[in-house]
Every structure is written in structure tokens, then in C-alpha cells.
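Q: Take a look at input34.csv, CSV, C-alpha atoms and all ligand atoms:
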chain,number,residue,atom,x,y,z
A,705,MET,CA,203.4,174.7,81.5
A,706,LEU,CA,202.8,171.9,83.9
A,707,LYS,CA,205.2,173.2,86.4
A,708,ILE,CA,203.2,176.5,86.7
A,709,PHE,CA,200.1,174.5,87.1
A,710,ILE,CA,201.5,172.6,90.0
A,711,ILE,CA,202.9,175.7,91.7
A,712,SER,CA,199.6,177.5,91.4
A,713,ILE,CA,197.6,174.7,93.2
A,714,PHE,CA,200.2,173.8,95.8
A,715,THR,CA,200.6,175.7,99.0
A,716,PHE,CA,204.3,176.2,100.0
A,717,PHE,CA,205.6,176.3,103.5
A,718,THR,CA,209.2,176.8,104.5
A,719,LEU,CA,210.2,175.4,107.9
A,720,ARG,CA,213.9,174.9,108.4
A,721,ALA,CA,215.7,176.8,105.7
A,722,ASP,CA,216.6,173.5,104.1
A,723,ILE,CA,213.2,171.7,104.3
A,724,GLU,CA,210.4,172.5,101.9
A,725,LEU,CA,206.9,171.2,102.2
A,726,GLU,CA,204.1,171.2,99.6
A,727,LEU,CA,200.5,170.4,100.3
A,728,SER,CA,198.1,169.8,97.4
A,729,ASP,CA,195.4,171.6,99.4
A,730,THR,CA,194.6,172.9,102.8
A,731,ASN,CA,191.0,171.7,102.7
A,732,ILE,CA,190.0,168.2,102.0
A,733,ALA,CA,186.7,166.6,101.3
A,734,ASN,CA,185.5,163.1,102.2
A,735,ALA,CA,186.8,160.4,99.8
A,736,GLN,CA,189.5,162.7,98.4
A,737,THR,CA,193.2,162.3,98.6
A,738,LEU,CA,195.8,164.8,99.8
A,739,LEU,CA,199.4,164.8,98.6
A,740,VAL,CA,202.2,166.1,100.7
A,741,LYS,CA,205.7,166.6,99.3
A,742,PHE,CA,208.8,166.8,101.5
A,743,LYS,CA,212.1,168.1,100.1
A,744,ALA,CA,215.4,168.4,102.0
A,745,ASP,CA,218.3,170.3,100.6
A,746,LEU,CA,220.7,169.6,103.4
A,747,LEU,CA,224.3,169.2,102.7
A,748,ASP,CA,224.9,166.5,105.3
A,749,PRO,CA,221.4,165.3,106.1
A,750,VAL,CA,220.4,162.6,108.4
A,751,ILE,CA,216.6,162.7,108.1
A,752,GLU,CA,214.8,160.0,109.9
A,753,LYS,CA,211.3,159.0,110.9
A,754,LYS,CA,209.5,161.2,108.4
A,755,TYR,CA,205.7,160.9,108.6
A,756,VAL,CA,202.5,162.8,108.5
A,757,ALA,CA,200.1,162.5,111.4
A,758,PHE,CA,196.4,163.1,110.5
A,759,GLU,CA,193.2,162.2,112.3
A,760,GLY,CA,195.0,159.7,114.5
A,761,LYS,CA,196.9,157.9,111.8
A,762,ARG,CA,200.5,158.0,110.6
A,763,TYR,CA,201.4,158.1,107.0
A,764,PRO,CA,205.1,157.5,106.1
A,765,PHE,CA,206.9,159.6,103.5
A,766,TYR,CA,208.2,157.5,100.6
A,767,LYS,CA,210.9,158.4,98.1
A,768,ASN,CA,209.6,160.6,95.3
A,769,PRO,CA,209.7,158.2,92.3
A,770,MET,CA,210.3,161.2,89.9
A,771,GLN,CA,213.2,162.9,91.7
A,772,LYS,CA,216.6,161.8,92.8
A,773,GLY,CA,217.9,162.8,96.1
A,774,ARG,CA,216.0,163.8,99.2
A,775,SER,CA,212.5,164.3,97.9
A,776,PHE,CA,209.6,162.4,99.4
A,777,TYR,CA,205.9,162.1,99.3
A,778,ALA,CA,202.9,160.9,101.3
A,779,LEU,CA,199.3,160.3,100.1
A,780,ILE,CA,196.6,160.9,102.7
A,781,PRO,CA,193.1,159.5,102.0
A,782,VAL,CA,190.0,160.7,103.8
A,783,ASP,CA,187.2,158.3,104.3
A,784,TYR,CA,183.8,158.7,102.6
A,785,TYR,CA,182.0,158.8,105.9
A,786,ALA,CA,184.3,161.4,107.5
A,787,LYS,CA,182.3,164.3,109.0
A,788,ALA,CA,183.1,168.0,108.4
A,789,LYS,CA,185.5,169.3,111.0
A,790,LYS,CA,188.5,171.5,111.7
A,791,SER,CA,191.6,169.3,111.9
A,792,GLU,CA,195.3,169.5,112.0
A,793,LEU,CA,198.0,167.9,109.9
A,794,VAL,CA,201.3,167.4,111.6
A,795,ILE,CA,204.6,166.6,109.8
A,796,VAL,CA,207.2,165.0,111.9
A,797,TYR,CA,210.8,164.5,111.1
A,798,VAL,CA,214.2,164.0,112.8
A,799,VAL,CA,217.3,165.8,111.5
A,800,ASN,CA,220.6,164.8,113.1
A,801,GLY,CA,218.8,163.4,116.1
A,802,GLU,CA,216.6,166.5,116.6
A,803,LYS,CA,212.9,166.1,116.3
A,804,TYR,CA,210.8,168.7,114.4
A,805,TYR,CA,207.1,169.1,114.2
A,806,SER,CA,205.2,171.3,111.7
A,807,ALA,CA,201.5,171.6,112.1
A,808,PHE,CA,199.1,172.9,109.5
A,809,LYS,CA,195.4,173.7,110.0
A,810,MET,CA,193.3,171.5,107.7
A,811,GLU,CA,189.6,171.5,107.2
A,812,ILE,CA,187.7,168.4,106.3
A,813,TYR,CA,184.5,169.2,104.5
A,814,GLU,CA,181.7,167.1,103.2
A,815,LYS,CA,181.3,167.1,99.5
A,816,GLU,CA,177.8,167.3,98.1
A,817,TYR,CA,177.7,164.0,96.4
A,818,LYS,CA,174.5,163.3,94.5
A,819,LYS,CA,171.7,161.4,96.0
A,820,GLU,CA,169.9,158.4,94.4
A,821,ARG,CA,166.6,157.4,96.1
A,822,LEU,CA,165.6,153.8,95.5
A,823,LYS,CA,162.4,152.2,96.5
A,824,VAL,CA,162.7,148.5,96.5
A,825,ALA,CA,161.0,145.6,98.1
A,826,SER,CA,163.0,144.5,101.1
A,827,SER,CA,163.3,141.0,99.6
A,828,ARG,CA,165.4,142.4,96.8
A,829,VAL,CA,168.1,143.7,99.1
A,830,LYS,CA,168.2,140.5,101.1
A,831,PHE,CA,170.7,137.8,100.3
A,832,SER,CA,170.7,134.0,100.8
A,833,LYS,CA,172.9,132.5,103.5
A,834,LYS,CA,175.2,131.2,100.9
A,835,ASP,CA,175.5,134.6,99.1
A,836,LYS,CA,176.1,136.3,102.4
A,837,LYS,CA,178.9,133.9,103.2
A,838,ARG,CA,180.5,134.5,99.8
A,839,ILE,CA,180.1,138.3,100.1
A,840,LYS,CA,181.8,138.3,103.5
A,841,LYS,CA,184.7,136.0,102.3
A,842,GLU,CA,185.3,138.3,99.3
A,843,ARG,CA,185.3,141.4,101.4
A,844,ILE,CA,187.9,139.9,103.8
A,845,GLU,CA,190.0,138.8,100.9
A,846,ALA,CA,190.0,142.2,99.3
A,847,MET,CA,190.8,144.0,102.6
A,848,LYS,CA,193.7,141.7,103.1
A,849,ILE,CA,195.1,142.8,99.7
A,850,TYR,CA,194.5,146.5,100.4
A,851,ARG,CA,196.2,146.5,103.7
A,852,LYS,CA,199.5,145.3,102.1
A,853,LYS,CA,201.9,148.0,101.2
A,854,SER,CA,204.5,147.1,98.6
A,855,LYS,CA,207.8,148.8,99.1
A,856,ARG,CA,208.2,149.9,95.5
A,857,PHE,CA,206.0,152.5,93.7
A,858,TYR,CA,205.7,151.1,90.2
A,859,PRO,CA,204.3,154.1,88.2
A,860,LYS,CA,206.8,156.4,86.6
A,861,ALA,CA,204.4,158.4,84.5
A,862,PRO,CA,201.0,160.0,85.1
A,863,PHE,CA,198.0,157.8,85.6
A,864,ILE,CA,195.5,157.5,82.7
A,865,TYR,CA,191.9,156.6,82.5
A,866,PRO,CA,191.1,152.9,81.7
A,867,LEU,CA,188.8,153.9,78.8
A,868,ASP,CA,188.5,157.0,76.6
A,869,SER,CA,184.8,157.2,77.1
A,870,LYS,CA,182.1,159.2,78.9
A,871,ILE,CA,181.7,158.8,82.7
A,872,THR,CA,178.2,157.6,83.1
A,873,SER,CA,178.1,157.5,86.9
A,874,ALA,CA,180.3,159.5,89.2
A,875,PHE,CA,181.9,158.3,92.4
A,876,GLY,CA,180.1,158.9,95.6
A,877,THR,CA,176.5,159.0,94.7
A,878,LYS,CA,174.5,158.3,97.9
A,879,ARG,CA,172.2,155.3,97.6
A,880,ILE,CA,169.2,155.8,99.7
A,881,PHE,CA,167.1,152.6,99.9
A,882,ASN,CA,163.6,153.2,101.3
A,883,ASP,CA,164.7,156.5,102.9
A,884,THR,CA,167.8,155.0,104.6
A,885,LEU,CA,171.4,155.7,103.4
A,886,LYS,CA,172.6,152.2,102.7
A,887,SER,CA,175.7,152.7,100.6
A,888,TYR,CA,177.4,154.9,98.1
A,889,HIS,CA,178.7,154.4,94.6
A,890,SER,CA,182.3,153.3,95.4
A,891,GLY,CA,183.9,154.0,92.0
A,892,THR,CA,183.6,155.7,88.7
A,893,ASP,CA,181.6,154.2,85.9
A,894,PHE,CA,182.9,154.5,82.3
A,895,ARG,CA,180.6,153.9,79.3
A,896,ALA,CA,181.7,150.6,77.6
A,897,LYS,CA,180.2,148.1,75.3
A,898,LYS,CA,180.7,144.4,76.0
A,899,GLY,CA,184.1,143.4,74.6
A,900,GLU,CA,185.7,146.9,74.7
A,901,PRO,CA,189.4,146.8,75.8
A,902,VAL,CA,190.1,148.1,79.3
A,903,LYS,CA,193.6,149.5,80.0
A,904,ALA,CA,195.7,149.6,83.2
A,905,VAL,CA,195.7,153.1,84.7
A,906,ALA,CA,199.4,152.8,85.6
A,907,ASP,CA,202.2,150.3,85.9
A,908,GLY,CA,201.7,147.7,88.6
A,909,LYS,CA,201.4,144.1,89.6
A,910,VAL,CA,198.1,142.1,89.1
A,911,VAL,CA,197.1,140.8,92.5
A,912,LEU,CA,193.5,139.6,91.9
A,913,VAL,CA,191.8,138.0,88.9
A,914,LYS,CA,188.5,136.4,89.8
A,915,ASN,CA,184.7,136.4,89.6
A,916,ARG,CA,183.1,138.1,92.6
A,917,PHE,CA,179.5,138.4,93.8
A,918,PHE,CA,178.9,142.2,93.3
A,919,ALA,CA,181.8,143.1,91.1
A,920,GLY,CA,181.6,140.2,88.7
A,921,ASN,CA,184.9,139.5,86.9
A,922,SER,CA,187.4,141.6,88.7
A,923,ILE,CA,191.0,142.7,88.4
A,924,ILE,CA,193.0,144.5,91.1
A,925,ILE,CA,196.4,146.0,90.3
A,926,ASP,CA,198.9,146.9,93.1
A,927,HIS,CA,200.7,150.1,92.1
A,928,GLY,CA,202.9,150.0,95.2
A,929,GLN,CA,203.0,151.8,98.6
A,930,GLY,CA,199.4,151.2,99.3
A,931,VAL,CA,197.9,152.3,96.0
A,932,TYR,CA,195.5,149.9,94.2
A,933,SER,CA,193.2,150.1,91.2
A,934,GLY,CA,190.2,147.8,90.6
A,935,TYR,CA,188.4,147.0,87.3
A,936,TYR,CA,184.9,145.4,87.6
A,937,HIS,CA,182.1,143.7,85.6
A,938,LEU,CA,184.6,142.5,83.0
A,939,SER,CA,183.7,140.0,80.3
A,940,LYS,CA,187.2,138.6,79.7
A,941,PHE,CA,190.5,138.6,81.4
A,942,LYS,CA,193.7,139.4,79.5
A,943,VAL,CA,196.2,139.1,82.3
A,944,LYS,CA,197.0,136.6,85.1
A,945,LYS,CA,197.5,137.0,88.8
A,946,GLY,CA,201.2,137.9,89.6
A,947,GLU,CA,201.8,139.5,86.2
A,948,PHE,CA,203.4,142.9,85.9
A,949,VAL,CA,201.5,145.3,83.7
A,950,LYS,CA,202.4,148.6,82.0
A,951,ARG,CA,200.3,151.7,81.9
A,952,GLY,CA,197.9,151.5,79.0
A,953,GLN,CA,198.2,147.8,78.6
A,954,VAL,CA,194.9,146.0,77.8
A,955,ILE,CA,194.2,143.9,80.9
A,956,ALA,CA,190.6,142.8,80.1
A,957,LEU,CA,187.5,143.4,78.0
A,958,ALA,CA,184.5,145.2,79.5
A,959,GLY,CA,181.3,143.5,80.2
A,960,ALA,CA,178.3,143.2,82.5
A,961,THR,CA,179.2,140.5,85.0
A,962,GLY,CA,178.2,140.7,88.6
A,963,ARG,CA,175.2,142.6,90.0
A,964,VAL,CA,174.7,145.2,87.2
A,965,THR,CA,172.0,146.1,84.8
A,966,GLY,CA,174.1,146.6,81.7
A,967,PRO,CA,177.7,146.7,80.4
A,968,HIS,CA,180.1,149.4,81.7
A,969,LEU,CA,183.4,149.6,83.5
A,970,HIS,CA,183.5,150.4,87.2
A,971,LEU,CA,186.9,151.7,88.3
A,972,SER,CA,187.8,151.7,91.9
A,973,MET,CA,190.9,153.2,93.7
A,974,ARG,CA,192.2,152.5,97.2
A,975,VAL,CA,194.9,154.4,99.1
A,976,ASN,CA,196.1,152.9,102.4
A,977,ALA,CA,193.0,150.6,102.3
A,978,VAL,CA,190.6,153.6,102.1
A,979,GLN,CA,188.2,153.8,99.1
A,980,VAL,CA,188.8,157.1,97.3
A,981,ASP,CA,187.3,159.0,94.4
A,982,PRO,CA,189.3,157.6,91.4
A,983,ILE,CA,189.1,160.8,89.3
A,984,ASP,CA,190.2,163.0,92.2
A,985,PHE,CA,193.0,160.5,93.1
A,986,ILE,CA,194.3,160.5,89.5
A,987,LYS,CA,194.5,164.3,89.4
A,988,THR,CA,196.3,164.4,92.8
A,989,VAL,CA,198.8,161.6,92.2
A,990,ASN,CA,199.6,163.1,88.8
A,991,LEU,CA,200.9,166.2,90.6
A,992,LEU,CA,203.6,163.9,91.8
A,993,LEU,CA,204.2,162.1,88.6
A,994,TYR,CA,204.5,164.9,86.1
A,995,ARG,CA,208.1,166.0,85.5
B,1001,ZN,ZN,180.0,151.5,89.4
As C-alpha cells, how would this structure be written, given the file I've shared?

A:
Amino acid sequence: MLKIFIISIFTFFTLRADIELELSDTNIANAQTLLVKFKADLLDPVIEKKYVAFEGKRYPFYKNPMQKGRSFYALIPVDYYAKAKKSELVIVYVVNGEKYYSAFKMEIYEKEYKKERLKVASSRVKFSKKDKKRIKKERIEAMKIYRKKSKRFYPKAPFIYPLDSKITSAFGTKRIFNDTLKSYHSGTDFRAKKGEPVKAVADGKVVLVKNRFFAGNSIIIDHGQGVYSGYYHLSKFKVKKGEFVKRGQVIALAGATGRVTGPHLHLSMRVNAVQVDPIDFIKTVNLLLYR
């Protein structure tokens, strides 16, 4: 069943007779993630320097965690603020010393994220010097984490949601303060009462457990190869920094810490340091992780 599903949504391209490429899509919206699979059935292959070039960046192919042999994958995130344009995705690889390029037309389009207009007194969106310092420090600390790429990819099974509850606020809602686009909702909110158990979306290593200004009590899990999940506004931590966690393991209890109006769970996902739509990411990465 699942295999048929994957085939129907992937686009296949054959290059060399022994190389097969699969793209999860040929169009991609801002804040969405693209999956590229690379399979080589060479008898005596020496495949080197495999990467995807897209929008001026290079993304290496990693070993497919679900398949033995010469199967690889790359995850390509698109930034939320990316503008609609025609683009090109180039796959580069070297076989027995010979360099190959395969280019595919890609279109980046702007998804119609919801708008939220907020009229607030300017004093309410201003922070004290001390708070500003803390916000900056926390941002730098988080970006340092997101830029690290662990060699291993820990998940061996499809990602799950952290809670079996309703999504109360979708990713990407534009926040327009006094007619100016100030920010966007950078994660997915799940309905949760205070004290409700929050589960890890996949196997990984806990890399941050701390209270932060906006996110309140926060946990970040490193899933490997540039993939991170974040769980915010928690009331209680159930894991420690450095601990390895399993998919579905209770890592915390939900709460209302940080700058929020009520209890809920905010789930965030990062790929190669880019903030992406968690629900879209989970659907995309699961195309890799289903057998
Ligand atoms: Zn949120």
C-alpha cells in the first residue's frame, strides 16, 4: 500500500542506466522541504561527491537509513521568506572519475499562509534592554545548535506527532502588527492541557533543555544530519541534555511557560538550520522512512 503511495507522488528520472533519482515534487513552496533520493545499481561503482545544488547552496547526499547498499537521500528546505520564482535543481555526482550533472526545472511558489492582523500599542512589542540581551543570546545559542550536522541519522521509523490532539494554530500564519509584517508563526501548535505528556517525534539526542524568553521551557532534539525538532512552553522536563531518546518517549509535560496566553505545545522543525513547516516536513521525511 505504502509503496504505491510513494511511487504516485514521486517523480522518477533515469539518467545513467544505473542511476535512479526520485524527487518528492517538482514544485516547492516557501517553508516546505523537498526530498531527493539517489540510487545507484552499479556493479563496480565509485560514486563520489554526490550533492544537490539549489539556490546557491549545496546539500550532500547521505546514506539512506532504510536501505542497504548504494541508496542516498538529501533534504532541501526552502526559507519562509523565499519569493516565487523559476529555479533549477542540479544533482552532481562523480562516477569513476567522471563528473555528471543532472538539472531539473523547479518552481518555488509562495504558499497562501493565513494572515493575522494585530493592533497593539507599540509599548507592548518593545522589550527592555535586559530582555533584548537575553533574546539575542538565546537566538545565537539556538542557531549554533542548528548549524551542527551530526553524522548519524537516528530515526529508523516514520516520524510521529508529539501529541494526539487537534492542531490549534498552523505553521506560517503571517503576523501583521499595526499593518507591518513583523513575523510568522514558526511552528505548529497542538492543543494540550497543562501536564499532558509530550512525546519525541523520532529517535534522537537531546541537545537543549532550558527556559527561554519567548519559548519558555524548551527542549531541542537532534535527529542527525541537520534535522532538529523543538518542543516549547513546557511545564516539566522529563529528559536531560545529552540523553538519547526514542520515538514516542515522553520527554516533557505540556504547559504555558514563555510568552503565551494559554497552555499548548508548539512544535518546531529545522532542516539545515532553516525553519520549516513541521507537518509538511513529517510527511516528506516519512517518504524516506517507510519501508
Ligand atoms: Zn506556536

Q: If I take CA of Gly946 in chain A and CA of Leu912 in chain A, how far is one from the other in Å, to one decimal?

A: 8.2 Å

Q: Which residue is closest to ligand ZN 1001 (chain B)? Choose from A:Val964, A:Leu991, A:Ile983, A:Leu867 and count all atoms listed in the file.

A: A:Val964

Q: Closest to ligand ZN 1001 (chain B) among A:Met973, A:Val978, A:Ile849, A:Met770, using all atoms listed in the file?

A: A:Met973

Q: When you count all atoms listed in the file, which of these residues is closest to ligand ZN 1001 (chain B): A:Lys945, A:Lys940, A:Lys903, A:His889?

A: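 Result for the nearest residue to ligand ZN 1001 (chain B): A:His889.
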
Q: Taking all atoms listed in the file into account, produce a table as CSV in which each residue of range 919-965 of chain A with an atom at most 12 Å from an atom of range 772-784 of chain A appears once, together with its shortest atom pair and the distance in Å to one decimal, ordered by chain and rising number.

A:
residue,atom,partner,partner_atom,distance
A:Gly928,CA,A:Leu779,CA,12.0
A:Gln929,CA,A:Leu779,CA,9.4
A:Gly930,CA,A:Leu779,CA,9.1
A:Val931,CA,A:Leu779,CA,9.1

Q: Go through the chains and note each residue within 12 Å of ligand ZN 1001 (chain B), using only C-alpha atoms and all ligand atoms, then give the set as a count of residues only.

A: 41

Q: Could you check the closest approach to Leu992 in chain A for each of A:Tyr932, A:Phe831, A:Tyr805, A:Phe742 and tell me which residue wins, using all atoms listed in the file?

A: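 Answer, going by the shortest atom-to-atom distance: A:Phe742.
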
Q: Go ahead and compute the interatomic distance for CA of Lys754 in chain A and CA of Ala786 in chain A, in Å to one decimal.

A: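 Distance reported for this atom pair: 25.2 Å.
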
Q: Identify which of the residues A:Ala733, A:Val740, A:Val905, A:Ile864 lies closest to Tyr817 in chain A, counting only C-alpha atoms when measuring atom-to-atom distances.

A: A:Ala733
